[in-house]
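Reviewing the structure listed below.
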Amino acid sequence: NLSLNPTRVNNYMTCRRKFLYNDVLKLPGAKKKSLVFGNCVHKALEETYGEYKKSAVFPTFKFFLEKIEKELGIQGVDESIERDCLNKANGAAVKSWFDAASKNPVMPVDLEKKLIVTLGDNIIFTGKYDKVEWFDEKRKLVRIVDYKTGKPDKHLKKIYDCHDLRSEDCDGYLRQLACYKLLYEKDKIESRGRTVSHGVLVFIEPVSQDIKKLGYKKGDHVSLVVDIPGNMVKEMEYIITDIWGSIKNLHFEKLKARDKDKCGKCDYDDICW
């Protein structure tokens with residue numbers, strides 16, 4: 001009953017053995033503060049833009065914080081994680097981003113919709129986008145908005161340098177956007193004749209240091225517009241098909257050697273090494 005989604009595709013491409021433990025066997029792991037914070041912010045943004053869509057009045061920062069606090073209660077985390085998440089949410093960086101976003105909010109077409117399509121050899125491929133907005137309503141062009149709560153620096157650099165979705169050096173966020181375009185346009189009920197013009201990666205946290213080659217300065221809040229051409233989507237579909245074939249053939253090899261960055265942050269490090 002295994003299905004694939006953008007996160008699982010990235011997991012498999014990062015480490016096949018971790019994919020086995022996490023996505024097939026579903027071994028338990030510790031709740032990570034960064035993931036909890038991201039879940040809470042995404043839920044609060046869904047509630048915030050949902051209220052905006054309903055009332056045409058953009059909610060306050062207080063409304064946004066209350067939704068984060070409510071979701072934290074549902075997440076069931078310990079007091080230290082809850083406290084750290086609330087402090088971060090109420091910090092200057094998040095508030096400055098929210099204040100800027102609230103000045104010229106864009107009315108969503110849809111929010112947090114789960115899409116399901118069938119690819120290739122009866123591969124069930126699913127995904128849930130954060131927000132869809134009109135780019136050109138007359139031409140039925142939309143853009144897919146994906147919110148990110150981690151530090152943007154390394155992602156901005158890797159996306160800029162990426163020329164191959166299969167490459168280990170390619171950023172997973174770029175693959176995710178290609179997956180969302182693939183899902184949206186293949187789900188004819190959801191897309192209703194609309195085409196995805198491009199994606200937007202909205203980073204809640206500011207850039208932590210100057211990135212001269214990209215023109216970003218420390219403290220900048222970045223909403224990165226990403227072109228998603230048809231050949232990129234087609235290549236993403238080939239990648240998904242190839243991954244599914246490898247999974248069916250039980251290719252869950254561990255890395256050839258312990259990777260300090262990948263394995264050091266993995267819940268299953270002790271099992272492998």
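Ligands are numbered from 1 in the order shown, residues from 1 within each chain, and chains are lettered A, B, ... in the order they appear in the structure tokens.
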
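Residues with any atom within 9 Å of Cys15 in chain A, counting only C-alpha atoms and excluding same-chain neighbours fewer than 6 positions away, are Phe252, Glu253, Lys254, Leu255 and Lys262 of chain A.
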
Just to be explicit: take each residue in the selection above, keep N, CA and C atoms, and write the result as a PDB file, in the first residue's frame.
ATOM      1  N   PHE A 252      17.422  -0.870  -1.045  1.00  0.00           N
ATOM      2  CA  PHE A 252      17.438  -0.010   0.140  1.00  0.00           C
ATOM      3  C   PHE A 252      18.847   0.019   0.747  1.00  0.00           C
ATOM      4  N   GLU A 253      19.831   0.131  -0.114  1.00  0.00           N
ATOM      5  CA  GLU A 253      21.213   0.112   0.348  1.00  0.00           C
ATOM      6  C   GLU A 253      21.507   1.323   1.239  1.00  0.00           C
ATOM      7  N   LYS A 254      22.385   1.107   2.208  1.00  0.00           N
ATOM      8  CA  LYS A 254      22.817   2.254   3.003  1.00  0.00           C
ATOM      9  C   LYS A 254      23.956   2.957   2.269  1.00  0.00           C
ATOM     10  N   LEU A 255      24.318   4.141   2.730  1.00  0.00           N
ATOM     11  CA  LEU A 255      25.397   4.888   2.100  1.00  0.00           C
ATOM     12  C   LEU A 255      26.702   4.085   2.150  1.00  0.00           C
ATOM     13  N   LYS A 262      24.533  14.044   6.778  1.00  0.00           N
ATOM     14  CA  LYS A 262      23.296  13.264   6.641  1.00  0.00           C
ATOM     15  C   LYS A 262      23.060  12.362   7.851  1.00  0.00           C
TER      16      LYS A 262
END

>> Applying 12 Å and only C-alpha atoms, which residues near Ser96 in chain A remain after dropping the ones on its own chain fewer than 2 positions away? List them as a list in words.
In response: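 Result of the neighbour search: Phe61, Ala89, Asn90, Gly91, Ala92, Ala93, Val94, Phe98, Asp99, Ala100, Ala101, Ser102, Lys103, Ile204, Glu205, Pro206, Gly219, Asp220 and His221 of chain A.
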
Can those selected residues be exported to a file as a PDB file, in the first residue's frame so that it contains C-alpha atoms?
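File result_15.pdb, as written:
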ATOM      1  CA  PHE A  61      -0.263  38.930  13.821  1.00  0.00           C
ATOM      2  CA  ALA A  89       7.148  32.552  16.397  1.00  0.00           C
ATOM      3  CA  ASN A  90       6.934  35.740  18.473  1.00  0.00           C
ATOM      4  CA  GLY A  91      10.441  36.836  17.517  1.00  0.00           C
ATOM      5  CA  ALA A  92      11.449  39.788  15.397  1.00  0.00           C
ATOM      6  CA  ALA A  93      12.240  37.727  12.274  1.00  0.00           C
ATOM      7  CA  VAL A  94       8.823  36.088  11.968  1.00  0.00           C
ATOM      8  CA  PHE A  98       4.346  38.701   8.622  1.00  0.00           C
ATOM      9  CA  ASP A  99       4.124  42.503   8.647  1.00  0.00           C
ATOM     10  CA  ALA A 100       5.537  42.646   5.120  1.00  0.00           C
ATOM     11  CA  ALA A 101       3.226  39.859   3.885  1.00  0.00           C
ATOM     12  CA  SER A 102       0.167  41.544   5.387  1.00  0.00           C
ATOM     13  CA  LYS A 103       0.751  44.844   3.536  1.00  0.00           C
ATOM     14  CA  ILE A 204       9.851  32.932   6.627  1.00  0.00           C
ATOM     15  CA  GLU A 205      13.343  33.277   8.098  1.00  0.00           C
ATOM     16  CA  PRO A 206      15.655  35.958   6.670  1.00  0.00           C
ATOM     17  CA  GLY A 219      18.336  40.103   6.957  1.00  0.00           C
ATOM     18  CA  ASP A 220      16.546  39.965   3.570  1.00  0.00           C
ATOM     19  CA  HIS A 221      13.269  38.070   3.459  1.00  0.00           C
TER      20      HIS A 221
END

DSSP strand (DSSP E) residues within range 7-248 of chain A, as a compact mmCIF listing (two decimals) with N, CA and C atoms, in the first residue's frame:
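Contents of selection36.txt, as written:
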# COMPACT_ATOMS: atom_id res chain seq x y z
N PRO A 108 -5.80 33.80 -2.04
CA PRO A 108 -5.54 32.46 -2.58
C PRO A 108 -6.69 31.95 -3.44
N VAL A 109 -6.35 31.13 -4.42
CA VAL A 109 -7.36 30.39 -5.16
C VAL A 109 -7.78 29.17 -4.34
N ASP A 110 -6.77 28.48 -3.80
CA ASP A 110 -7.02 27.32 -2.93
C ASP A 110 -5.88 27.20 -1.93
N LEU A 111 -6.17 26.45 -0.84
CA LEU A 111 -5.20 26.27 0.24
C LEU A 111 -5.11 24.80 0.64
N LYS A 114 -4.88 18.33 -1.02
CA LYS A 114 -4.14 17.11 -1.32
C LYS A 114 -4.51 16.62 -2.70
N LEU A 115 -3.50 16.33 -3.51
CA LEU A 115 -3.69 15.86 -4.87
C LEU A 115 -3.22 14.41 -4.97
N ILE A 116 -3.93 13.63 -5.78
CA ILE A 116 -3.57 12.22 -5.97
C ILE A 116 -3.68 11.91 -7.46
N VAL A 117 -2.59 11.40 -8.03
CA VAL A 117 -2.60 10.99 -9.43
C VAL A 117 -1.94 9.62 -9.55
N THR A 118 -2.16 8.97 -10.68
CA THR A 118 -1.52 7.68 -10.97
C THR A 118 -0.53 7.87 -12.10
N LEU A 119 0.70 7.43 -11.86
CA LEU A 119 1.75 7.56 -12.85
C LEU A 119 2.25 6.17 -13.27
N ILE A 123 1.67 3.76 -10.20
CA ILE A 123 2.31 4.43 -9.07
C ILE A 123 1.33 5.48 -8.52
N ILE A 124 0.98 5.34 -7.26
CA ILE A 124 0.12 6.34 -6.61
C ILE A 124 1.03 7.45 -6.10
N PHE A 125 0.85 8.64 -6.69
CA PHE A 125 1.68 9.78 -6.32
C PHE A 125 0.79 10.87 -5.73
N THR A 126 1.13 11.33 -4.53
CA THR A 126 0.29 12.30 -3.83
C THR A 126 1.13 13.50 -3.40
N GLY A 127 0.46 14.56 -3.04
CA GLY A 127 1.14 15.75 -2.52
C GLY A 127 0.13 16.78 -2.10
N LYS A 128 0.53 17.62 -1.17
CA LYS A 128 -0.35 18.70 -0.70
C LYS A 128 0.40 20.03 -0.82
N LYS A 131 -0.36 26.75 -1.08
CA LYS A 131 -1.29 27.75 -1.60
C LYS A 131 -1.15 27.87 -3.11
N VAL A 132 -2.29 28.11 -3.77
CA VAL A 132 -2.30 28.41 -5.20
C VAL A 132 -2.89 29.81 -5.38
N GLU A 133 -2.20 30.64 -6.17
CA GLU A 133 -2.66 32.00 -6.44
C GLU A 133 -2.78 32.21 -7.96
N TRP A 134 -3.61 33.16 -8.33
CA TRP A 134 -3.67 33.54 -9.74
C TRP A 134 -2.40 34.29 -10.12
N PHE A 135 -1.86 33.96 -11.29
CA PHE A 135 -0.79 34.75 -11.89
C PHE A 135 -1.35 35.57 -13.05
N ASP A 136 -2.18 34.93 -13.87
CA ASP A 136 -2.87 35.60 -14.96
C ASP A 136 -4.20 34.89 -15.15
N LEU A 141 -3.54 31.03 -15.77
CA LEU A 141 -2.22 30.70 -15.26
C LEU A 141 -2.18 30.94 -13.76
N VAL A 142 -1.69 29.94 -13.01
CA VAL A 142 -1.57 30.07 -11.56
C VAL A 142 -0.12 29.85 -11.15
N ARG A 143 0.18 30.21 -9.91
CA ARG A 143 1.49 29.90 -9.34
C ARG A 143 1.27 29.15 -8.03
N ILE A 144 2.18 28.24 -7.75
CA ILE A 144 2.12 27.44 -6.53
C ILE A 144 3.09 28.02 -5.52
N VAL A 145 2.58 28.34 -4.34
CA VAL A 145 3.38 28.96 -3.29
C VAL A 145 3.70 27.90 -2.23
N ASP A 146 4.97 27.80 -1.89
CA ASP A 146 5.43 26.82 -0.91
C ASP A 146 6.19 27.56 0.20
N TYR A 147 5.68 27.51 1.42
CA TYR A 147 6.30 28.22 2.55
C TYR A 147 7.36 27.34 3.20
N LYS A 148 8.49 27.97 3.55
CA LYS A 148 9.59 27.28 4.19
C LYS A 148 9.99 28.02 5.46
N THR A 195 -3.09 26.16 -15.73
CA THR A 195 -1.70 25.74 -15.92
C THR A 195 -0.83 26.46 -14.90
N VAL A 196 0.16 25.74 -14.38
CA VAL A 196 1.09 26.35 -13.43
C VAL A 196 2.16 27.11 -14.19
N SER A 197 2.19 28.42 -13.99
CA SER A 197 3.19 29.26 -14.64
C SER A 197 4.55 29.09 -13.99
N HIS A 198 4.58 29.09 -12.65
CA HIS A 198 5.84 29.00 -11.92
C HIS A 198 5.55 28.70 -10.46
N GLY A 199 6.60 28.48 -9.70
CA GLY A 199 6.46 28.28 -8.27
C GLY A 199 7.11 29.42 -7.51
N VAL A 200 6.72 29.59 -6.25
CA VAL A 200 7.33 30.60 -5.38
C VAL A 200 7.68 29.95 -4.05
N LEU A 201 8.95 30.01 -3.69
CA LEU A 201 9.41 29.55 -2.38
C LEU A 201 9.47 30.75 -1.46
N VAL A 202 8.61 30.76 -0.45
CA VAL A 202 8.55 31.88 0.49
C VAL A 202 9.26 31.46 1.78
N PHE A 203 10.39 32.09 2.05
CA PHE A 203 11.17 31.77 3.24
C PHE A 203 10.77 32.71 4.38
N SER A 223 11.32 35.77 -1.27
CA SER A 223 10.29 34.98 -1.95
C SER A 223 10.86 34.68 -3.33
N LEU A 224 11.34 33.47 -3.49
CA LEU A 224 12.07 33.11 -4.71
C LEU A 224 11.12 32.59 -5.78
N VAL A 225 11.06 33.28 -6.90
CA VAL A 225 10.27 32.85 -8.05
C VAL A 225 11.09 31.81 -8.83
N VAL A 226 10.50 30.63 -9.04
CA VAL A 226 11.21 29.53 -9.68
C VAL A 226 10.46 29.08 -10.93
N ASP A 227 11.13 29.18 -12.05
CA ASP A 227 10.55 28.70 -13.30
C ASP A 227 10.49 27.17 -13.28

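Computed from the coordinates, the CA of Lys151 in chain A to CA of Lys43 in chain A distance equals 19.1 Å.
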
>> Applying 12 Å and only C-alpha atoms, which residues near Met13 in chain A remain after dropping the ones on its own chain fewer than 5 positions away? List them as a VMD selection string.
In response: chain A and resid 6 to 8 18 to 20 165 to 172 175 239 to 240 242 to 244 246 to 247 251 to 255 262

Would you mind exporting the chosen residues as a compact mmCIF listing (two decimals), in the first residue's frame, restricted to N, CA and C atoms?
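Output below, filename selection.txt:
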# COMPACT_ATOMS: atom_id res chain seq x y z
N PRO A 6 6.28 14.03 -2.77
CA PRO A 6 7.54 14.76 -2.96
C PRO A 6 8.56 14.54 -1.85
N THR A 7 8.11 14.49 -0.60
CA THR A 7 9.02 14.28 0.52
C THR A 7 9.66 12.90 0.45
N ARG A 8 8.87 11.89 0.16
CA ARG A 8 9.41 10.53 0.08
C ARG A 8 10.39 10.39 -1.08
N LYS A 18 17.52 5.07 4.92
CA LYS A 18 16.65 5.88 5.76
C LYS A 18 15.21 5.80 5.25
N PHE A 19 15.04 5.79 3.94
CA PHE A 19 13.70 5.63 3.37
C PHE A 19 13.06 4.34 3.85
N LEU A 20 13.83 3.26 3.86
CA LEU A 20 13.32 1.98 4.34
C LEU A 20 12.84 2.09 5.79
N LEU A 165 18.07 17.53 -11.86
CA LEU A 165 17.23 17.12 -10.73
C LEU A 165 17.70 15.83 -10.10
N ARG A 166 18.43 15.02 -10.84
CA ARG A 166 18.92 13.74 -10.31
C ARG A 166 20.18 13.90 -9.46
N SER A 167 20.81 15.02 -9.59
CA SER A 167 22.08 15.23 -8.89
C SER A 167 21.88 15.29 -7.38
N GLU A 168 22.83 14.72 -6.66
CA GLU A 168 22.80 14.78 -5.20
C GLU A 168 22.93 16.21 -4.71
N ASP A 169 23.52 17.07 -5.54
CA ASP A 169 23.72 18.46 -5.17
C ASP A 169 22.48 19.32 -5.44
N CYS A 170 21.50 18.76 -6.12
CA CYS A 170 20.28 19.51 -6.40
C CYS A 170 19.45 19.67 -5.14
N ASP A 171 18.89 20.83 -4.95
CA ASP A 171 18.10 21.08 -3.74
C ASP A 171 16.74 20.40 -3.83
N GLY A 172 16.33 19.78 -2.73
CA GLY A 172 15.05 19.08 -2.69
C GLY A 172 13.85 19.98 -2.90
N ARG A 175 12.93 20.06 -6.55
CA ARG A 175 12.18 18.85 -6.95
C ARG A 175 10.73 18.94 -6.47
N ILE A 239 12.09 10.37 -12.93
CA ILE A 239 12.77 10.09 -11.66
C ILE A 239 11.84 9.29 -10.73
N ILE A 240 10.60 9.71 -10.64
CA ILE A 240 9.62 9.02 -9.78
C ILE A 240 9.45 7.57 -10.26
N ASP A 242 11.59 5.74 -11.95
CA ASP A 242 12.81 4.99 -11.67
C ASP A 242 12.90 4.62 -10.19
N ILE A 243 12.53 5.55 -9.33
CA ILE A 243 12.56 5.28 -7.89
C ILE A 243 11.59 4.16 -7.53
N TRP A 244 10.42 4.19 -8.13
CA TRP A 244 9.43 3.16 -7.86
C TRP A 244 9.95 1.78 -8.28
N SER A 246 13.08 0.87 -8.36
CA SER A 246 14.11 0.49 -7.39
C SER A 246 13.49 0.00 -6.08
N ILE A 247 12.40 0.64 -5.66
CA ILE A 247 11.71 0.21 -4.44
C ILE A 247 11.12 -1.18 -4.62
N HIS A 251 15.72 -2.12 -3.40
CA HIS A 251 17.02 -1.45 -3.35
C HIS A 251 17.01 -0.42 -2.22
N PHE A 252 17.42 -0.87 -1.04
CA PHE A 252 17.44 -0.01 0.14
C PHE A 252 18.85 0.02 0.75
N GLU A 253 19.83 0.13 -0.11
CA GLU A 253 21.21 0.11 0.35
C GLU A 253 21.51 1.32 1.24
N LYS A 254 22.38 1.11 2.21
CA LYS A 254 22.82 2.25 3.00
C LYS A 254 23.96 2.96 2.27
N LEU A 255 24.32 4.14 2.73
CA LEU A 255 25.40 4.89 2.10
C LEU A 255 26.70 4.09 2.15
N LYS A 262 24.53 14.04 6.78
CA LYS A 262 23.30 13.26 6.64
C LYS A 262 23.06 12.36 7.85

>> Could you list, as a list in words, every residue within 9 Å of Gln75 in chain A, counting only C-alpha atoms and ignoring same-chain residues fewer than 2 positions away?
In response: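 Counting only the stated atoms, we get Val36, Asn39, Cys40, Glu71, Leu72, Gly73 and Val77 of chain A.
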
> From the set A:Thr149, A:Asn87, A:Asn22, A:Ser80, which residue has the shortest atom-to-atom contact distance to His42 in chain A, counting only C-alpha atoms?
Replying inline: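 Distance minimum relative to His42 in chain A lands on A:Thr149.
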
>> Let me make sure I understand: among A:Arg258, A:Cys272, A:Gly120, A:Val233, which one has the smallest atom-to-atom distance to Gln176 in chain A if we use only C-alpha atoms?
In response: A:Val233

Determine, counting only C-alpha atoms, which protein, DNA and RNA residues have an atom within 9 Å of an atom of Ala30 in chain A; residues of the same chain fewer than 2 positions away are not included. Present the result as a short mmCIF file (atom, residue, chain, number, x, y, z; two decimals) with N, CA, C and O atoms, in the first residue's frame.
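Printed below is part_28.cif as written:
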data_model
loop_
_atom_site.label_atom_id
_atom_site.label_comp_id
_atom_site.auth_asym_id
_atom_site.auth_seq_id
_atom_site.Cartn_x
_atom_site.Cartn_y
_atom_site.Cartn_z
N PRO A 28 9.81 4.45 14.72
CA PRO A 28 9.58 5.72 15.43
C PRO A 28 10.87 6.52 15.56
O PRO A 28 11.97 5.97 15.64
N LYS A 32 11.28 16.40 16.11
CA LYS A 32 12.29 17.45 15.94
C LYS A 32 11.63 18.82 16.04
O LYS A 32 10.57 19.06 15.45
N ASP A 267 17.81 9.88 12.76
CA ASP A 267 17.37 9.10 13.92
C ASP A 267 17.91 7.69 13.90
O ASP A 267 17.93 7.01 14.94
#

>> Here is a test: counting only C-alpha atoms, which residue of A:Arg16, A:Met107, A:Leu35, A:Lys234 is nearest to Lys54 in chain A?
In response: A:Met107

>> Quick check, in Å to one decimal: how far apart do CA of Lys95 in chain A and CA of Thr60 in chain A lie?
In response: 10.6 Å

> Quick one, how far is CA of Lys186 in chain A from CA of Glu112 in chain A?
Replying inline: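 It comes out at 17.1 Å.
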